[in-house]
>>> print(open('coords08.csv').read())   # CSV, N, CA, C and O atoms
chain,number,residue,atom,x,y,z
J,29,MET,N,0.8,-1.2,0.0
J,29,MET,CA,0.0,0.0,0.0
J,29,MET,C,0.9,1.2,0.0
J,29,MET,O,1.8,1.3,0.8
J,30,THR,N,0.6,2.2,-0.9
J,30,THR,CA,1.4,3.4,-0.9
J,30,THR,C,0.6,4.6,-0.3
J,30,THR,O,-0.6,4.6,-0.3
J,31,THR,N,1.3,5.5,0.3
J,31,THR,CA,0.7,6.7,0.9
J,31,THR,C,1.3,7.9,0.2
J,31,THR,O,2.4,7.9,-0.3
J,32,ALA,N,0.5,9.0,0.2
J,32,ALA,CA,1.0,10.2,-0.3
J,32,ALA,C,2.0,10.8,0.6
J,32,ALA,O,2.0,10.7,1.8
J,33,PRO,N,3.1,11.5,0.0
J,33,PRO,CA,4.1,12.1,0.9
J,33,PRO,C,3.4,13.2,1.8
J,33,PRO,O,2.5,13.8,1.4
J,34,ALA,N,4.0,13.4,2.9
J,34,ALA,CA,3.5,14.4,3.8
J,34,ALA,C,3.6,15.8,3.2
J,34,ALA,O,4.6,16.1,2.5
J,35,GLN,N,2.6,16.6,3.3
J,35,GLN,CA,2.6,18.0,2.8
J,35,GLN,C,3.4,18.9,3.7
J,35,GLN,O,3.3,18.8,5.0
J,36,PRO,N,4.3,19.8,3.2
J,36,PRO,CA,4.9,20.8,4.1
J,36,PRO,C,3.9,21.7,4.7
J,36,PRO,O,2.8,21.8,4.2
J,37,PRO,N,4.2,22.3,5.8
J,37,PRO,CA,3.2,23.2,6.4
J,37,PRO,C,2.9,24.4,5.5
J,37,PRO,O,3.7,24.9,4.7
J,38,TYR,N,1.6,24.8,5.6
J,38,TYR,CA,1.1,25.9,4.8
J,38,TYR,C,1.7,27.2,5.3
J,38,TYR,O,1.6,27.5,6.5
J,39,ARG,N,2.3,28.0,4.5
J,39,ARG,CA,2.9,29.3,4.9
J,39,ARG,C,2.3,30.4,4.2
J,39,ARG,O,1.7,30.3,3.1
J,40,ASP,N,2.4,31.6,4.7
J,40,ASP,CA,1.9,32.8,4.1
J,40,ASP,C,2.4,33.0,2.7
J,40,ASP,O,1.7,33.4,1.8
J,41,ARG,N,3.7,32.7,2.5
J,41,ARG,CA,4.3,32.9,1.2
J,41,ARG,C,3.7,31.9,0.1
J,41,ARG,O,3.8,32.2,-1.1
J,42,ASP,N,3.0,30.9,0.6
J,42,ASP,CA,2.3,30.0,-0.3
J,42,ASP,C,1.0,30.5,-0.8
J,42,ASP,O,0.4,30.0,-1.7
J,43,ARG,N,0.4,31.5,-0.1
J,43,ARG,CA,-0.9,32.1,-0.5
J,43,ARG,C,-0.7,32.9,-1.8
J,43,ARG,O,0.3,33.5,-2.0
J,44,PRO,N,-1.8,32.9,-2.5
J,44,PRO,CA,-1.8,33.8,-3.7
J,44,PRO,C,-1.5,35.3,-3.4
J,44,PRO,O,-2.0,35.7,-2.3
J,45,ALA,N,-0.8,36.0,-4.2
J,45,ALA,CA,-0.5,37.4,-4.0
J,45,ALA,C,-1.8,38.2,-3.8
J,45,ALA,O,-1.8,39.1,-2.9
J,46,LEU,N,-2.8,38.0,-4.5
J,46,LEU,CA,-4.0,38.7,-4.4
J,46,LEU,C,-4.6,38.6,-3.0
J,46,LEU,O,-5.0,39.6,-2.3
J,47,GLY,N,-4.7,37.4,-2.4
J,47,GLY,CA,-5.2,37.2,-1.1
J,47,GLY,C,-4.4,38.0,0.0
J,47,GLY,O,-4.9,38.6,0.9
J,48,ARG,N,-3.1,38.0,-0.2
J,48,ARG,CA,-2.3,38.7,0.8
J,48,ARG,C,-2.5,40.2,0.6
J,48,ARG,O,-2.6,40.9,1.6
J,49,GLY,N,-2.7,40.7,-0.6
J,49,GLY,CA,-2.9,42.1,-0.8
J,49,GLY,C,-4.2,42.6,-0.2
J,49,GLY,O,-4.3,43.6,0.4
J,50,VAL,N,-5.3,41.8,-0.4
J,50,VAL,CA,-6.6,42.2,0.1
J,50,VAL,C,-6.6,42.2,1.6
J,50,VAL,O,-7.1,43.1,2.2
J,51,SER,N,-6.0,41.2,2.2
J,51,SER,CA,-6.0,41.1,3.6
J,51,SER,C,-5.2,42.2,4.3
J,51,SER,O,-5.4,42.6,5.4
J,52,THR,N,-4.2,42.6,3.5
J,52,THR,CA,-3.3,43.7,4.1
J,52,THR,C,-4.1,45.0,3.9
J,52,THR,O,-4.0,45.9,4.8
J,53,LEU,N,-4.8,45.2,2.8
J,53,LEU,CA,-5.5,46.4,2.6
J,53,LEU,C,-6.7,46.6,3.5
J,53,LEU,O,-6.9,47.6,4.1
J,54,ILE,N,-7.5,45.5,3.6
J,54,ILE,CA,-8.7,45.5,4.5
J,54,ILE,C,-8.6,44.4,5.5
J,54,ILE,O,-9.0,43.3,5.2
J,55,PRO,N,-7.8,44.6,6.6
J,55,PRO,CA,-7.6,43.5,7.5
J,55,PRO,C,-8.9,43.1,8.2
J,55,PRO,O,-9.8,43.8,8.5
J,56,SER,N,-9.0,41.8,8.4
J,56,SER,CA,-10.1,41.2,9.2
J,56,SER,C,-9.7,39.8,9.6
J,56,SER,O,-9.0,39.1,8.9
J,57,GLY,N,-10.1,39.4,10.7
J,57,GLY,CA,-9.8,38.1,11.2
J,57,GLY,C,-8.4,38.0,11.8
J,57,GLY,O,-7.8,39.0,12.2
J,58,PRO,N,-7.8,36.8,11.8
J,58,PRO,CA,-6.6,36.6,12.5
J,58,PRO,C,-5.4,37.2,11.9
J,58,PRO,O,-4.3,37.3,12.5
J,59,GLY,N,-5.5,37.7,10.6
J,59,GLY,CA,-4.4,38.3,9.9
J,59,GLY,C,-4.0,39.7,10.4
J,59,GLY,O,-3.0,40.2,10.1
J,60,GLY,N,-4.8,40.3,11.2
J,60,GLY,CA,-4.5,41.6,11.7
J,60,GLY,C,-5.7,42.2,12.4
J,60,GLY,O,-6.8,41.6,12.4
J,61,PRO,N,-5.5,43.4,13.0
J,61,PRO,CA,-6.6,44.0,13.7
J,61,PRO,C,-7.7,44.4,12.7
J,61,PRO,O,-7.4,44.9,11.7
J,62,ALA,N,-9.0,44.2,13.1
J,62,ALA,CA,-10.1,44.6,12.2
J,62,ALA,C,-10.3,46.1,12.3
J,62,ALA,O,-10.1,46.6,13.4
J,63,PRO,N,-10.7,46.7,11.2
J,63,PRO,CA,-11.0,48.1,11.3
J,63,PRO,C,-12.2,48.3,12.3
J,63,PRO,O,-13.0,47.5,12.5
J,64,ASP,N,-12.3,49.5,12.8
J,64,ASP,CA,-13.3,49.9,13.8
J,64,ASP,C,-14.7,49.9,13.3
J,64,ASP,O,-15.6,49.6,14.0
J,65,SER,N,-14.9,50.4,12.1
J,65,SER,CA,-16.3,50.6,11.6
J,65,SER,C,-16.3,50.4,10.1
J,65,SER,O,-15.3,50.2,9.4
J,66,ALA,N,-17.6,50.4,9.6
J,66,ALA,CA,-17.8,50.3,8.1
J,66,ALA,C,-17.1,51.5,7.4
J,66,ALA,O,-16.5,51.3,6.3
J,67,ALA,N,-17.1,52.7,8.0
J,67,ALA,CA,-16.4,53.8,7.4
J,67,ALA,C,-14.9,53.6,7.3
J,67,ALA,O,-14.3,53.9,6.3
J,68,ASP,N,-14.3,52.9,8.4
J,68,ASP,CA,-12.9,52.6,8.3
J,68,ASP,C,-12.6,51.6,7.2
J,68,ASP,O,-11.6,51.7,6.5
J,69,ARG,N,-13.4,50.6,7.0
J,69,ARG,CA,-13.3,49.6,6.0
J,69,ARG,C,-13.4,50.3,4.6
J,69,ARG,O,-12.7,50.0,3.7
J,70,ALA,N,-14.4,51.2,4.5
J,70,ALA,CA,-14.6,51.9,3.2
J,70,ALA,C,-13.3,52.8,2.9
J,70,ALA,O,-12.9,52.8,1.8
J,71,ARG,N,-12.8,53.5,3.9
J,71,ARG,CA,-11.6,54.3,3.7
J,71,ARG,C,-10.5,53.5,3.3
J,71,ARG,O,-9.7,53.8,2.4
J,72,ALA,N,-10.3,52.3,3.9
J,72,ALA,CA,-9.2,51.4,3.5
J,72,ALA,C,-9.4,50.9,2.1
J,72,ALA,O,-8.4,50.8,1.3
J,73,ALA,N,-10.6,50.6,1.7
J,73,ALA,CA,-10.9,50.1,0.3
J,73,ALA,C,-10.6,51.2,-0.7
J,73,ALA,O,-10.0,50.9,-1.8
J,74,LEU,N,-11.0,52.4,-0.4
J,74,LEU,CA,-10.8,53.5,-1.3
J,74,LEU,C,-9.3,53.8,-1.5
J,74,LEU,O,-8.9,54.3,-2.6
J,75,ALA,N,-8.5,53.5,-0.5
J,75,ALA,CA,-7.0,53.7,-0.6
J,75,ALA,C,-6.4,52.8,-1.7
J,75,ALA,O,-5.4,53.2,-2.3
J,76,GLY,N,-7.1,51.7,-2.0
J,76,GLY,CA,-6.6,50.8,-3.1
J,76,GLY,C,-7.3,50.9,-4.4
J,76,GLY,O,-7.0,50.1,-5.3
J,77,VAL,N,-8.1,51.9,-4.6
J,77,VAL,CA,-8.9,52.0,-5.8
J,77,VAL,C,-8.0,52.4,-7.0
J,77,VAL,O,-7.1,53.2,-6.8
J,78,ARG,N,-8.2,51.8,-8.1
J,78,ARG,CA,-7.5,52.2,-9.3
J,78,ARG,C,-8.5,52.5,-10.3
J,78,ARG,O,-9.7,52.2,-10.2
J,79,THR,N,-8.1,53.1,-11.4
J,79,THR,CA,-9.0,53.6,-12.5
J,79,THR,C,-9.6,52.4,-13.2
J,79,THR,O,-8.9,51.6,-13.7
J,80,VAL,N,-10.9,52.3,-13.2
J,80,VAL,CA,-11.6,51.3,-14.0
J,80,VAL,C,-12.9,51.9,-14.6
J,80,VAL,O,-13.4,52.8,-14.0
J,81,PRO,N,-13.3,51.4,-15.7
J,81,PRO,CA,-14.6,51.9,-16.3
J,81,PRO,C,-15.8,51.6,-15.4
J,81,PRO,O,-15.9,50.4,-15.0
J,82,VAL,N,-16.7,52.5,-15.2
J,82,VAL,CA,-17.9,52.3,-14.4
J,82,VAL,C,-19.0,53.1,-15.1
J,82,VAL,O,-18.8,54.2,-15.5
J,83,HIS,N,-20.2,52.4,-15.1
J,83,HIS,CA,-21.3,53.1,-15.7
J,83,HIS,C,-21.7,54.3,-14.8
J,83,HIS,O,-21.8,54.2,-13.6
J,84,ALA,N,-22.0,55.4,-15.5
J,84,ALA,CA,-22.4,56.6,-14.7
J,84,ALA,C,-23.6,56.4,-13.8
J,84,ALA,O,-23.6,57.0,-12.7
J,85,GLY,N,-24.5,55.6,-14.1
J,85,GLY,CA,-25.7,55.3,-13.3
J,85,GLY,C,-25.3,54.7,-11.9
J,85,GLY,O,-25.9,55.0,-10.9
J,86,VAL,N,-24.2,53.9,-12.0
J,86,VAL,CA,-23.7,53.3,-10.7
J,86,VAL,C,-23.2,54.4,-9.8
J,86,VAL,O,-23.5,54.4,-8.6
J,87,LEU,N,-22.4,55.3,-10.4
J,87,LEU,CA,-21.9,56.4,-9.6
J,87,LEU,C,-23.0,57.3,-9.0
J,87,LEU,O,-23.0,57.8,-7.9
J,88,GLU,N,-24.0,57.6,-9.9
J,88,GLU,CA,-25.1,58.4,-9.4
J,88,GLU,C,-25.9,57.8,-8.3
J,88,GLU,O,-26.3,58.5,-7.3
J,89,ALA,N,-26.1,56.5,-8.4
J,89,ALA,CA,-26.8,55.8,-7.3
J,89,ALA,C,-26.0,55.8,-6.0
J,89,ALA,O,-26.5,56.0,-4.9
J,90,ALA,N,-24.7,55.6,-6.1
J,90,ALA,CA,-23.8,55.7,-5.0
J,90,ALA,C,-23.8,57.0,-4.3
J,90,ALA,O,-23.8,57.2,-3.1
J,91,ILE,N,-23.8,58.1,-5.1
J,91,ILE,CA,-23.9,59.4,-4.6
J,91,ILE,C,-25.1,59.6,-3.8
J,91,ILE,O,-25.1,60.2,-2.7
J,92,VAL,N,-26.3,59.2,-4.3
J,92,VAL,CA,-27.5,59.4,-3.6
J,92,VAL,C,-27.5,58.7,-2.2
J,92,VAL,O,-27.8,59.2,-1.2
J,93,LEU,N,-27.0,57.4,-2.2
J,93,LEU,CA,-27.0,56.6,-1.0
J,93,LEU,C,-26.0,57.2,0.0
J,93,LEU,O,-26.3,57.4,1.2
J,94,LEU,N,-24.8,57.6,-0.4
J,94,LEU,CA,-23.8,58.1,0.5
J,94,LEU,C,-24.1,59.5,1.0
J,94,LEU,O,-23.7,59.8,2.1
J,95,ASP,N,-24.7,60.3,0.1
J,95,ASP,CA,-25.1,61.6,0.5
J,95,ASP,C,-26.1,61.6,1.7
J,95,ASP,O,-26.0,62.3,2.6
J,96,GLU,N,-27.0,60.6,1.6
J,96,GLU,CA,-27.9,60.4,2.7
J,96,GLU,C,-27.2,60.0,4.0
J,96,GLU,O,-27.5,60.5,5.1
J,97,ARG,N,-26.2,59.1,3.9
J,97,ARG,CA,-25.4,58.7,5.1
J,97,ARG,C,-24.7,59.9,5.6
J,97,ARG,O,-24.5,60.0,6.9
J,98,ALA,N,-24.1,60.7,4.8
J,98,ALA,CA,-23.4,61.9,5.3
J,98,ALA,C,-24.3,62.8,6.0
J,98,ALA,O,-23.8,63.5,6.9
J,99,ARG,N,-25.5,62.9,5.7
J,99,ARG,CA,-26.5,63.8,6.4
J,99,ARG,C,-27.0,63.2,7.7
J,99,ARG,O,-27.2,64.0,8.6
J,100,VAL,N,-27.3,61.9,7.7
J,100,VAL,CA,-28.0,61.4,8.9
J,100,VAL,C,-27.2,60.6,9.9
J,100,VAL,O,-27.7,60.3,11.0
J,101,SER,N,-26.0,60.2,9.6
J,101,SER,CA,-25.2,59.3,10.5
J,101,SER,C,-24.9,60.0,11.8
J,101,SER,O,-24.6,61.2,11.8
J,102,ASP,N,-25.0,59.3,12.8
J,102,ASP,CA,-24.6,59.8,14.2
J,102,ASP,C,-23.1,59.7,14.4
J,102,ASP,O,-22.5,60.3,15.3
J,103,ASP,N,-22.4,59.0,13.5
J,103,ASP,CA,-20.9,58.8,13.6
J,103,ASP,C,-20.2,59.8,12.8
J,103,ASP,O,-20.3,59.9,11.6
J,104,GLU,N,-19.4,60.7,13.4
J,104,GLU,CA,-18.7,61.8,12.7
J,104,GLU,C,-17.7,61.2,11.7
J,104,GLU,O,-17.6,61.7,10.6
J,105,THR,N,-17.1,60.1,12.0
J,105,THR,CA,-16.1,59.5,11.1
J,105,THR,C,-16.8,59.0,9.8
J,105,THR,O,-16.4,59.2,8.7
J,106,GLU,N,-18.0,58.4,10.0
J,106,GLU,CA,-18.8,57.9,8.9
J,106,GLU,C,-19.3,59.0,8.1
J,106,GLU,O,-19.2,59.0,6.8
J,107,ARG,N,-19.8,60.1,8.7
J,107,ARG,CA,-20.2,61.3,7.9
J,107,ARG,C,-19.1,61.9,7.1
J,107,ARG,O,-19.3,62.2,5.9
J,108,ALA,N,-17.9,62.0,7.7
J,108,ALA,CA,-16.8,62.5,7.0
J,108,ALA,C,-16.4,61.6,5.8
J,108,ALA,O,-16.1,62.1,4.7
J,109,ALA,N,-16.3,60.3,6.0
J,109,ALA,CA,-15.9,59.4,4.9
J,109,ALA,C,-17.0,59.4,3.8
J,109,ALA,O,-16.6,59.4,2.6
J,110,ALA,N,-18.3,59.4,4.2
J,110,ALA,CA,-19.3,59.4,3.2
J,110,ALA,C,-19.3,60.7,2.4
J,110,ALA,O,-19.4,60.7,1.2
J,111,GLY,N,-19.1,61.8,3.1
J,111,GLY,CA,-19.0,63.2,2.4
J,111,GLY,C,-17.8,63.2,1.5
J,111,GLY,O,-18.0,63.8,0.3
J,112,ALA,N,-16.7,62.8,1.9
J,112,ALA,CA,-15.5,62.8,1.0
J,112,ALA,C,-15.7,61.9,-0.2
J,112,ALA,O,-15.3,62.2,-1.3
J,113,THR,N,-16.3,60.7,0.0
J,113,THR,CA,-16.6,59.8,-1.1
J,113,THR,C,-17.6,60.4,-2.1
J,113,THR,O,-17.4,60.3,-3.3
J,114,VAL,N,-18.6,61.1,-1.6
J,114,VAL,CA,-19.6,61.8,-2.5
J,114,VAL,C,-18.8,62.8,-3.3
J,114,VAL,O,-19.1,63.0,-4.5
J,115,ALA,N,-17.9,63.6,-2.7
J,115,ALA,CA,-17.2,64.6,-3.4
J,115,ALA,C,-16.4,64.0,-4.5
J,115,ALA,O,-16.3,64.5,-5.7
J,116,MET,N,-15.7,62.9,-4.2
J,116,MET,CA,-14.9,62.2,-5.3
J,116,MET,C,-15.7,61.6,-6.4
J,116,MET,O,-15.4,61.7,-7.6
J,117,LEU,N,-16.9,61.1,-6.0
J,117,LEU,CA,-17.8,60.5,-7.1
J,117,LEU,C,-18.3,61.6,-8.0
J,117,LEU,O,-18.4,61.5,-9.2
J,118,ARG,N,-18.7,62.8,-7.4
J,118,ARG,CA,-19.2,63.9,-8.2
J,118,ARG,C,-18.1,64.4,-9.1
J,118,ARG,O,-18.4,64.8,-10.3
J,119,ALA,N,-16.9,64.5,-8.6
J,119,ALA,CA,-15.8,64.9,-9.4
J,119,ALA,C,-15.5,63.9,-10.6
J,119,ALA,O,-15.2,64.3,-11.7
J,120,ALA,N,-15.7,62.6,-10.3
J,120,ALA,CA,-15.5,61.6,-11.3
J,120,ALA,C,-16.5,61.7,-12.4
J,120,ALA,O,-16.2,61.5,-13.6
J,121,LEU,N,-17.7,62.1,-12.1
J,121,LEU,CA,-18.8,62.3,-13.1
J,121,LEU,C,-18.6,63.6,-13.9
J,121,LEU,O,-19.1,63.7,-15.0
J,122,GLY,N,-17.8,64.5,-13.3
J,122,GLY,CA,-17.4,65.7,-14.1
J,122,GLY,C,-18.5,66.6,-14.2
J,122,GLY,O,-19.1,67.3,-14.9
>>> encode(input="coords08.csv", output="structure tokens")
Amino acid sequence: MTTAPAQPPYRDRDRPALGRGVSTLIPSGPGGPAPDSAADRARAALAGVRTVPVHAGVLEAAIVLLDERARVSDDETERAAAGATVAMLRAALG
């Protein structure tokens, strides 16, 4: 009877580069401290944004939703993040 050779231990360097990059950008779980709030996660995600084509209707919908959050949120950090994102989206629409 033959058996498969033992697998070496799984190491971080064996993980795909994309997985490491995403977990570094938006930490969660055992890989690092989790961001404090949804606004912190959004801010971290925006830090890694690159230029990609997006339908204008998607941006317009995001503006409406985020503008509302910027007006009604009780969290100052969330209001600031939503407001800054709205400004960037409006600028992107030109």
>>> residues_around(input="coords08.csv", residues="Ala110 of chain J", least_positions_apart="3", cutoff="6 Å", atoms="only N, CA, C and O atoms", output="PyMOL selection string")
chain J and resi 94-95+97-98+105-107+113-115
>>> atom_distance(input="coords08.csv", atom1="atom CA of Gly122 of chain J", atom2="atom CA of Gly76 of chain J")
21.4 Å
>>> atom_distance(input="coords08.csv", atom1="atom CA of Asp103 of chain J", atom2="atom CA of Leu121 of chain J")
27.0 Å
>>> atom_distance(input="coords08.csv", atom1="atom CA of Arg69 of chain J", atom2="atom CA of Arg118 of chain J")
21.0 Å
>>> closest_residue(input="coords08.csv", among="J:Ala73, J:Ala66, J:Val80, J:Leu117", to="Val92 of chain J", atoms="only C-alpha atoms")
J:Leu117
